[in-house]
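S.K.: data.txt is reproduced in full below (compact mmCIF, C-alpha atoms).
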# COMPACT_ATOMS: atom_id res chain seq x y z
CA ARG A 75 8.38 4.69 -13.84
CA PRO A 76 7.89 4.67 -10.03
CA GLY A 77 10.02 11.41 -1.49
CA ARG A 78 12.22 12.41 0.74
CA SER A 79 11.51 13.86 4.14
CA ALA A 80 13.84 15.83 6.36
CA THR A 81 13.54 17.10 9.90
CA ALA A 82 15.29 19.97 11.64
CA ALA A 83 15.53 20.88 15.35
CA MET A 84 15.50 24.43 16.67
CA ALA A 85 17.50 25.18 19.84
CA ARG A 86 15.73 27.04 22.61
CA PRO A 87 17.00 30.57 23.33
CA SER A 88 18.60 31.02 26.74
CA LYS A 89 16.51 32.69 29.46
CA PRO A 90 16.96 36.46 29.86
CA ARG A 91 18.83 37.62 32.92
CA LYS A 92 16.24 40.30 33.71
CA ALA A 93 12.50 39.92 33.43
CA GLN A 94 12.06 43.24 31.60
CA GLN A 95 14.71 42.45 28.99
CA GLN A 96 13.89 40.63 25.77
CA PRO A 97 16.34 38.10 24.32
CA ARG A 98 18.05 39.29 21.16
CA ARG A 99 17.79 36.97 18.20
CA SER A 100 20.99 36.25 16.39
CA ALA A 101 21.23 36.61 12.61
CA SER A 102 21.24 32.84 12.24
CA GLY A 103 18.18 32.58 14.48
CA ARG A 104 16.32 35.17 12.44
CA GLY A 105 17.27 33.33 9.26
CA LEU A 106 16.08 30.02 10.66
CA LEU A 107 12.79 31.56 11.77
CA ALA A 108 12.31 33.10 8.34
CA GLY A 109 12.99 29.73 6.74
CA VAL A 110 10.39 28.04 8.91
CA VAL A 111 7.83 30.71 8.01
CA LEU A 112 8.55 30.41 4.29
CA ALA A 113 8.33 26.63 4.45
CA ALA A 114 4.96 26.87 6.20
CA VAL A 115 3.66 29.31 3.58
CA ALA A 116 4.90 27.11 0.75
CA ALA A 117 3.23 24.06 2.29
CA LEU A 118 -0.03 25.98 2.67
CA LEU A 119 0.06 27.17 -0.93
CA GLY A 120 0.81 23.65 -2.13
CA LEU A 121 -2.13 22.29 -0.16
CA ARG A 122 -4.43 24.97 -1.57
CA GLY A 123 -3.24 24.11 -5.07
CA ARG A 124 -3.97 20.43 -4.60
CA LEU A 125 -7.41 21.12 -3.18
CA ALA A 126 -8.22 23.40 -6.11
CA GLY A 127 -6.97 20.85 -8.66
CA VAL A 128 -4.20 23.19 -9.82
CA ALA A 129 -0.87 21.76 -10.98
CA GLU A 130 1.87 22.22 -8.42
CA ARG A 131 5.31 23.48 -9.28
CA PRO A 132 7.14 20.78 -11.26
CA SER A 133 10.09 19.04 -9.67
CA LEU A 134 12.89 18.56 -12.25
CA VAL A 135 16.01 16.58 -11.38
CA ARG A 136 18.84 16.82 -13.90
CA THR A 137 21.07 13.79 -14.41
CA PRO A 138 24.04 13.06 -16.71
CA CYS A 139 23.02 10.99 -19.72
CA SER A 140 24.25 7.44 -20.01
CA ARG A 141 26.88 6.94 -22.68
CA ARG A 142 25.47 3.52 -23.50
CA ASP A 143 22.19 4.79 -24.89
CA TYR A 144 20.67 7.06 -27.54
CA LYS A 145 22.77 5.82 -30.46
CA PRO A 146 22.89 6.70 -33.26
CA ALA A 147 22.32 10.22 -32.00
CA VAL A 148 19.79 12.46 -33.74
CA PRO A 149 20.97 16.10 -33.56
CA GLY A 150 18.56 18.35 -31.72
CA CYS A 151 16.63 15.40 -30.33
CA SER A 152 18.81 12.76 -28.66
CA PRO A 153 19.81 13.61 -25.07
CA THR A 154 23.52 14.18 -24.47
CA GLY A 155 25.83 15.39 -21.71
CA ASP A 156 23.94 16.58 -18.64
CA ALA A 157 20.65 17.10 -20.48
CA CYS A 158 18.90 14.02 -19.11
CA GLY A 159 16.62 14.09 -16.09
CA ARG A 160 13.26 13.33 -14.58
CA LEU A 161 10.23 15.52 -13.98
CA VAL A 162 7.40 14.95 -11.50
CA LEU A 163 4.38 17.15 -12.18
CA ASP A 164 1.16 17.07 -10.17
CA GLY A 165 -2.15 17.97 -11.80
CA PHE A 166 -1.04 17.49 -15.40
CA ALA A 167 -4.34 15.91 -16.47
CA SER A 168 -7.69 17.52 -15.72
CA ALA A 169 -10.59 15.75 -14.02
CA GLU A 170 -12.34 15.50 -17.38
CA GLU A 171 -9.29 13.97 -19.05
CA LEU A 172 -8.86 11.50 -16.21
CA ALA A 173 -12.49 10.42 -16.47
CA GLY A 174 -12.12 9.89 -20.23
CA LEU A 175 -8.93 7.86 -19.90
CA ARG A 176 -10.35 5.72 -17.09
CA ALA A 177 -13.41 5.02 -19.23
CA ILE A 178 -11.21 3.81 -22.11
CA ALA A 179 -9.23 1.52 -19.79
CA ALA A 180 -12.32 0.10 -18.09
CA ARG A 181 -14.19 -0.54 -21.34
CA GLY A 182 -11.24 -2.26 -23.03
CA MET A 183 -10.10 -4.28 -20.02
CA ALA A 184 -13.64 -5.54 -19.43
CA LEU A 185 -13.09 -7.78 -22.47
CA GLY A 186 -10.04 -9.45 -20.94
CA GLY A 187 -7.95 -9.52 -17.79
CA GLY A 188 -4.73 -11.23 -16.82
CA ASP A 189 -4.58 -14.17 -14.43
CA GLY A 190 -1.67 -12.58 -12.61
CA GLY A 191 -1.51 -9.07 -11.18
CA PRO A 192 -1.06 -7.01 -14.37
CA THR A 193 -3.55 -6.36 -17.16
CA ILE A 194 -2.26 -4.50 -20.24
CA LEU A 195 -4.31 -2.67 -22.87
CA ASP A 196 -2.52 -1.35 -25.98
CA LEU A 197 -4.96 0.22 -28.44
CA GLN A 198 -2.32 0.67 -31.15
CA SER A 199 -1.37 -3.01 -31.46
CA GLY A 200 -4.65 -4.24 -29.99
CA ALA A 201 -2.87 -6.26 -27.29
CA LEU A 202 -5.07 -7.03 -24.29
CA SER A 203 -4.15 -9.34 -21.43
CA TRP A 204 -6.36 -12.43 -21.29
CA ARG A 205 -5.51 -15.03 -18.68
CA ASP A 206 -1.87 -15.98 -19.39
CA LYS A 207 -1.65 -14.56 -22.93
CA PHE A 208 -2.70 -11.63 -25.12
CA ILE A 209 -5.69 -11.28 -27.41
CA ASP A 210 -6.65 -8.54 -29.87
CA VAL A 211 -9.06 -6.13 -28.19
CA TRP A 212 -10.50 -5.02 -31.55
CA ALA A 213 -11.27 -8.65 -32.44
CA ALA A 214 -12.76 -9.09 -28.97
CA PHE A 215 -15.11 -6.18 -29.65
CA ASN A 216 -16.33 -7.89 -32.82
CA ALA A 217 -16.66 -11.32 -31.21
CA SER A 218 -18.63 -10.00 -28.24
CA GLY A 219 -20.88 -7.73 -30.27
CA THR A 220 -19.74 -4.80 -28.16
CA PRO A 221 -19.43 -1.51 -30.07
CA PRO A 222 -15.73 -0.69 -30.54
CA PHE A 223 -14.06 2.57 -29.62
CA THR A 224 -14.89 5.47 -31.91
CA THR A 225 -12.61 8.35 -32.79
CA ARG A 226 -14.62 10.51 -30.40
CA ASP A 227 -14.14 7.97 -27.58
CA VAL A 228 -10.35 8.08 -27.89
CA ALA A 229 -9.94 11.79 -28.73
CA VAL A 230 -8.98 12.56 -25.13
CA TYR A 231 -6.22 9.93 -25.37
CA ALA A 232 -4.77 11.56 -28.49
CA ASP A 233 -4.95 15.03 -26.92
CA VAL A 234 -3.14 13.93 -23.76
CA VAL A 235 -0.39 12.27 -25.78
CA ARG A 236 0.12 15.48 -27.78
CA ARG A 237 0.36 17.52 -24.59
CA ILE A 238 2.89 15.12 -23.08
CA ARG A 239 5.05 15.27 -26.19
CA SER A 240 4.99 19.08 -26.13
CA LEU A 241 5.97 19.06 -22.46
CA ALA A 242 8.82 16.61 -23.09
CA GLU A 243 10.25 18.76 -25.88
CA SER A 244 10.05 21.97 -23.84
CA THR A 245 11.37 20.37 -20.63
CA PHE A 246 14.42 18.80 -22.23
CA GLY A 247 14.99 21.43 -24.92
CA VAL A 248 14.60 19.05 -27.87
CA SER A 249 12.45 18.78 -30.98
CA GLY A 250 11.33 16.11 -33.38
CA LEU A 251 10.06 13.56 -30.87
CA HIS A 252 7.87 10.76 -32.20
CA LEU A 253 5.42 8.60 -30.32
CA THR A 254 6.73 5.03 -30.20
CA ALA A 255 5.49 1.58 -29.23
CA PRO A 256 4.34 0.37 -26.87
CA THR A 257 2.01 2.97 -25.41
CA PHE A 258 -0.47 1.30 -23.09
CA PHE A 259 -2.76 1.29 -20.07
CA SER A 260 -1.71 -0.92 -17.17
CA ARG A 261 -3.73 -2.18 -14.22
CA HIS A 262 -1.97 -3.91 -11.35
CA SER A 263 -4.21 -5.83 -8.95
CA GLY A 264 -2.95 -6.49 -5.46
CA ASP A 265 -5.17 -9.52 -4.87
CA ARG A 266 -3.77 -11.61 -7.76
CA PRO A 267 -0.45 -13.43 -7.31
CA PRO A 268 1.82 -13.74 -10.36
CA LYS A 269 1.18 -16.71 -12.63
CA THR A 270 4.15 -16.26 -14.99
CA ARG A 271 7.47 -14.43 -14.80
CA HIS A 272 5.96 -11.68 -16.95
CA ASP A 273 3.59 -10.90 -14.08
CA GLU A 274 6.54 -9.95 -11.84
CA TYR A 275 6.53 -6.27 -12.71
CA TRP A 276 8.45 -5.15 -9.59
CA HIS A 277 11.95 -5.96 -10.88
CA VAL A 278 14.37 -3.10 -11.63
CA HIS A 279 14.82 -2.39 -15.32
CA VAL A 280 15.97 0.22 -17.86
CA ASP A 281 13.51 1.23 -20.56
CA THR A 282 16.04 1.42 -23.40
CA LEU A 283 16.89 -2.22 -22.68
CA GLN A 284 13.33 -3.39 -22.14
CA TYR A 285 11.67 -1.56 -25.02
CA GLY A 286 14.48 -0.64 -27.41
CA SER A 287 13.13 2.47 -29.11
CA PHE A 288 12.36 4.56 -26.01
CA THR A 289 14.12 7.91 -25.60
CA TYR A 290 11.75 9.55 -23.13
CA THR A 291 9.21 7.74 -20.95
CA ALA A 292 6.06 9.29 -19.48
CA LEU A 293 3.80 7.79 -16.83
CA LEU A 294 0.41 9.33 -16.17
CA TYR A 295 -1.36 8.07 -13.06
CA LEU A 296 -5.11 7.46 -13.12
CA ALA A 297 -5.55 6.13 -9.56
CA ASP A 298 -4.60 7.29 -6.06
CA GLY A 299 -1.89 5.51 -4.11
CA ASP A 300 -3.50 6.42 -0.79
CA VAL A 301 -7.12 5.67 -1.72
CA ASP A 302 -7.42 3.13 -4.55
CA PHE A 303 -4.48 0.89 -3.69
CA SER A 304 -1.51 0.46 -1.38
CA GLY A 305 2.10 -0.08 -2.45
CA GLY A 306 2.78 0.47 -6.13
CA ARG A 307 5.14 3.42 -5.80
CA LEU A 308 7.53 4.20 -8.65
CA ALA A 309 11.10 3.91 -7.37
CA PHE A 310 14.18 5.28 -9.13
CA VAL A 311 17.35 3.53 -7.93
CA ASP A 312 21.09 4.12 -8.16
CA GLU A 313 23.36 2.88 -10.92
CA ARG A 314 23.99 -0.36 -9.01
CA TRP A 315 20.23 -1.03 -8.99
CA GLU A 316 20.23 -1.19 -5.21
CA ARG A 317 19.65 2.06 -3.30
CA PRO A 318 16.40 3.98 -3.89
CA LEU A 319 17.01 7.59 -4.97
CA GLU A 320 13.39 8.73 -5.20
CA ARG A 321 9.98 7.20 -4.67
CA VAL A 322 6.88 8.62 -6.32
CA VAL A 323 3.44 7.99 -4.87
CA PRO A 324 0.85 7.82 -7.67
CA ARG A 325 -1.84 10.49 -7.62
CA PRO A 326 -4.58 10.98 -10.23
CA GLY A 327 -3.29 13.37 -12.89
CA LYS A 328 0.34 13.19 -11.75
CA LEU A 329 2.84 12.86 -14.60
CA VAL A 330 6.35 11.44 -14.33
CA LEU A 331 8.55 12.17 -17.34
CA PHE A 332 12.15 10.95 -17.64
CA SER A 333 14.92 10.08 -20.07
CA SER A 334 14.75 6.34 -20.71
CA GLY A 335 18.40 5.29 -20.50
CA HIS A 336 20.70 3.74 -17.89
CA GLU A 337 20.68 6.99 -15.90
CA HIS A 338 17.18 5.98 -14.76
CA PRO A 339 16.93 2.37 -13.60
CA HIS A 340 13.57 2.02 -11.86
CA HIS A 341 10.76 -0.30 -10.89
CA VAL A 342 7.21 -0.33 -9.60
CA GLU A 343 6.94 -1.54 -6.03
CA ARG A 344 4.56 -4.43 -5.57
CA VAL A 345 0.90 -3.49 -5.18
CA GLU A 346 -0.30 -4.86 -1.85
CA SER A 347 -4.03 -4.27 -2.22
CA GLY A 348 -6.49 -2.55 -4.54
CA GLU A 349 -5.85 -1.66 -8.18
CA ARG A 350 -3.20 0.65 -9.58
CA LEU A 351 -4.09 2.21 -12.95
CA ALA A 352 -1.64 4.12 -15.14
CA LEU A 353 -0.92 5.12 -18.73
CA THR A 354 2.55 4.67 -20.23
CA VAL A 355 3.50 6.91 -23.16
CA ALA A 356 6.94 6.87 -24.79
CA PHE A 357 8.77 8.92 -27.39
CA THR A 358 11.70 8.25 -29.69
CA CYS A 359 14.08 10.25 -31.84
CA ASP A 360 14.18 7.47 -34.44
CA PRO A 361 11.73 8.19 -37.30
CA GLU A 362 11.72 4.51 -38.24
CA ALA A 363 10.32 3.58 -34.81
CA ALA A 364 7.59 6.25 -34.93
CA LEU A 365 3.86 5.61 -34.58
CA HIS A 366 2.15 8.01 -36.97
CA ASP A 367 -1.50 7.16 -36.25
CA PHE A 368 -1.61 5.03 -33.14
CA LEU A 369 -5.42 5.17 -32.84
CA SER A 370 -6.16 4.37 -36.48
CA ARG A 371 -8.22 1.30 -35.56
CA ALA A 372 -10.87 3.39 -33.85
CA VAL A 373 -14.14 3.53 -35.78
CA PRO A 374 -15.02 6.90 -37.36
CA GLU A 375 -18.05 8.68 -35.97
CA PRO A 376 -21.15 8.21 -38.17
CA GLU A 377 -22.06 11.30 -40.17
Represent the structure from my file as structure tokens, please.

M.R.:
Amino acid sequence: RPGRSATAAMARPSKPRKAQQQPRRSASGRGLLAGVVLAAVAALLGLRGRLAGVAERPSLVRTPCSRRDYKPAVPGCSPTGDACGRLVLDGFASAEELAGLRAIAARGMALGGGDGGPTILDLQSGALSWRDKFIDVWAAFNASGTPPFTTRDVAVYADVVRRIRSLAESTFGVSGLHLTAPTFFSRHSGDRPPKTRHDEYWHVHVDTLQYGSFTYTALLYLADGDVDFSGGRLAFVDERWERPLERVVPRPGKLVLFSSGHEHPHHVERVESGERLALTVAFTCDPEAALHDFLSRAVPEPE
């Protein structure tokens, strides 16, 4: 739910026979020069966009849908044919949204924490990693005397989920998507070795196999892969689960959105140091697997 680089060489023009003559550029040379200039301008604009906190142009890769998934098909919703794909979008979440989501994760995870690398917080089910098992975060709030999340506290979470769903429907040309379980915060700590096999998050997997109801998966990054932690890239691999096709470096506010079937085997590379923080949100076409009020356990604001 985890870049390619290319280099090109430019041949030197031959020396002019006479000092006063200027070498004539060929059509291919002029085209190459123009390409270099355009690339430089595009890079500059991209840098300016990142510095200003503006979302960069989304990168959408279309892929044929796996025939093994998305059954029974829901007309107008289930991906078919060549309509699957993956989208990488920088700057999806604002600084204010990121601060709100980080605050939710920090406050909930402070009541638990896994012994191994990962810590999971799922506000819908209440699941919170605690040592080598899960506890109920809402029960932990009561037991500790800590005030639980209010509807105002989690409003930013609900708003972000709605925006992701809208983007998924417009990107893939579908309608009728439902939020599905699990939707959760994940923190991967590089200084904690795995204690159980469930802590080994770096193995390749397919979301339709691992989670069942997923049709589209979204990953929103809340930490920086060059500042807060090292490693932890999202890697999409080929159908043999061997060769990496694309690696995504997490950046705060970056969203990765992809169809959840066998066309997208992937894994998170092992975090080497620091803490990787992300939010996983998933959608289904199956009404029976829908979450209709996933934050219903939040306490209403006092009047």

S.K.: Counting only C-alpha atoms, which of A:Leu308, A:Ala356, A:Val373, A:Val234 gets nearest to Thr254 in chain A?

M.R.: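 The answer is A:Ala356, which sits nearest to Thr254 in chain A.
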
S.K.: Find the residues around Gly188 in chain A up to 8 Å (all atoms listed in the file counted), leave out those fewer than 2 positions away in its own chain, and share them as JSON, numbers by chain.

M.R.: {"A": [186, 190, 191, 192, 193, 194, 203, 204, 205, 206, 207]}

S.K.: So, counting all atoms listed in the file, which residue among A:Ser334, A:Ser133, A:Ser263, A:Ser240 is closest to Tyr285 in chain A?

M.R.: A:Ser334

S.K.: Determine, counting all atoms listed in the file, which protein, DNA and RNA residues have an atom within 9 Å of an atom of range 337-350 of chain A; residues of the same chain fewer than 3 positions away are not included. Present the result as a VMD selection string.

M.R.: chain A and resid 75 to 76 137 to 140 158 to 160 191 260 to 265 274 to 281 295 to 299 301 to 315 318 324 332 to 334

S.K.: State, in Å with one decimal place, the distance from CA of Pro268 in chain A to CA of Trp212 in chain A.

M.R.: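 Going from CA of Pro268 in chain A over to CA of Trp212 in chain A, I get 26.0 Å.
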
S.K.: Once you count only C-alpha atoms, which residues end up no further than 12 Å from (11.6, 4.4, -23.7) in the file's frame, shown as a ChimeraX atom specification?

M.R.: /A:75,143-144,251-257,279-293,331-336,338-339,354-360,363

S.K.: Work out how far CA of Arg237 in chain A is from CA of Gly150 in chain A, in Å to one decimal.

M.R.: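 According to the coordinates, CA of Gly150 in chain A and CA of Arg237 in chain A are separated by 19.6 Å.
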
S.K.: Work out how far CA of Gly327 in chain A is from CA of Gly165 in chain A, in Å to one decimal.

M.R.: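 Going from CA of Gly165 in chain A over to CA of Gly327 in chain A covers 4.9 Å.
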
S.K.: Out of A:Asp189, A:Ala242, A:Glu316, A:Arg325, which residue has the shortest atom-to-atom distance to Thr270 in chain A when counting all atoms listed in the file?

M.R.: A:Asp189

S.K.: Hey, which of A:Ser168, A:Ser152, A:Gln198, A:Thr220 ends up closest to Arg181 in chain A? Count only C-alpha atoms.

M.R.: A:Thr220

S.K.: Ranking A:Leu241, A:Leu319, A:Cys151, A:Leu351 by minimum distance to Val135 in chain A and counting all atoms listed in the file, which one comes first?

M.R.: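 Distance minimum relative to Val135 in chain A lands on A:Leu319.
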
S.K.: Output range 178-193 of chain A as a CSV table (one decimal), in the coordinates of the input, making sure N, CA, C and O atoms are there.

M.R.:
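Saved file selection27.csv follows:
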chain,number,residue,atom,x,y,z
A,178,ILE,N,-11.8,4.6,-21.1
A,178,ILE,CA,-11.2,3.8,-22.1
A,178,ILE,C,-10.6,2.5,-21.5
A,178,ILE,O,-10.8,1.4,-22.0
A,179,ALA,N,-9.9,2.7,-20.4
A,179,ALA,CA,-9.2,1.5,-19.8
A,179,ALA,C,-10.3,0.5,-19.3
A,179,ALA,O,-10.1,-0.7,-19.5
A,180,ALA,N,-11.3,1.0,-18.6
A,180,ALA,CA,-12.3,0.1,-18.1
A,180,ALA,C,-13.1,-0.6,-19.2
A,180,ALA,O,-13.3,-1.9,-19.1
A,181,ARG,N,-13.4,0.1,-20.3
A,181,ARG,CA,-14.2,-0.5,-21.3
A,181,ARG,C,-13.4,-1.6,-22.1
A,181,ARG,O,-13.9,-2.7,-22.4
A,182,GLY,N,-12.1,-1.3,-22.3
A,182,GLY,CA,-11.2,-2.3,-23.0
A,182,GLY,C,-10.9,-3.4,-22.2
A,182,GLY,O,-11.0,-4.6,-22.6
A,183,MET,N,-10.5,-3.2,-20.9
A,183,MET,CA,-10.1,-4.3,-20.0
A,183,MET,C,-11.2,-5.2,-19.6
A,183,MET,O,-11.0,-6.3,-19.2
A,184,ALA,N,-12.5,-4.7,-19.7
A,184,ALA,CA,-13.6,-5.5,-19.4
A,184,ALA,C,-13.7,-6.7,-20.4
A,184,ALA,O,-14.4,-7.7,-20.0
A,185,LEU,N,-13.1,-6.7,-21.5
A,185,LEU,CA,-13.1,-7.8,-22.5
A,185,LEU,C,-12.0,-8.8,-22.2
A,185,LEU,O,-11.9,-9.8,-22.9
A,186,GLY,N,-11.1,-8.5,-21.2
A,186,GLY,CA,-10.0,-9.4,-20.9
A,186,GLY,C,-9.7,-9.4,-19.5
A,186,GLY,O,-10.6,-9.4,-18.6
A,187,GLY,N,-8.4,-9.5,-19.2
A,187,GLY,CA,-8.0,-9.5,-17.8
A,187,GLY,C,-6.9,-10.6,-17.6
A,187,GLY,O,-7.2,-11.8,-17.9
A,188,GLY,N,-5.8,-10.2,-17.0
A,188,GLY,CA,-4.7,-11.2,-16.8
A,188,GLY,C,-5.0,-12.1,-15.6
A,188,GLY,O,-5.6,-11.6,-14.6
A,189,ASP,N,-4.5,-13.3,-15.6
A,189,ASP,CA,-4.6,-14.2,-14.4
A,189,ASP,C,-3.7,-13.7,-13.3
A,189,ASP,O,-4.1,-13.8,-12.1
A,190,GLY,N,-2.6,-13.1,-13.6
A,190,GLY,CA,-1.7,-12.6,-12.6
A,190,GLY,C,-2.1,-11.2,-12.3
A,190,GLY,O,-3.2,-10.7,-12.6
A,191,GLY,N,-1.2,-10.4,-11.6
A,191,GLY,CA,-1.5,-9.1,-11.2
A,191,GLY,C,-1.8,-8.1,-12.3
A,191,GLY,O,-2.7,-7.3,-12.2
A,192,PRO,N,-0.9,-8.1,-13.4
A,192,PRO,CA,-1.1,-7.0,-14.4
A,192,PRO,C,-2.1,-7.3,-15.5
A,192,PRO,O,-2.2,-8.5,-15.9
A,193,THR,N,-2.8,-6.3,-15.9
A,193,THR,CA,-3.6,-6.4,-17.2
A,193,THR,C,-3.1,-5.2,-18.0
A,193,THR,O,-3.1,-4.1,-17.6
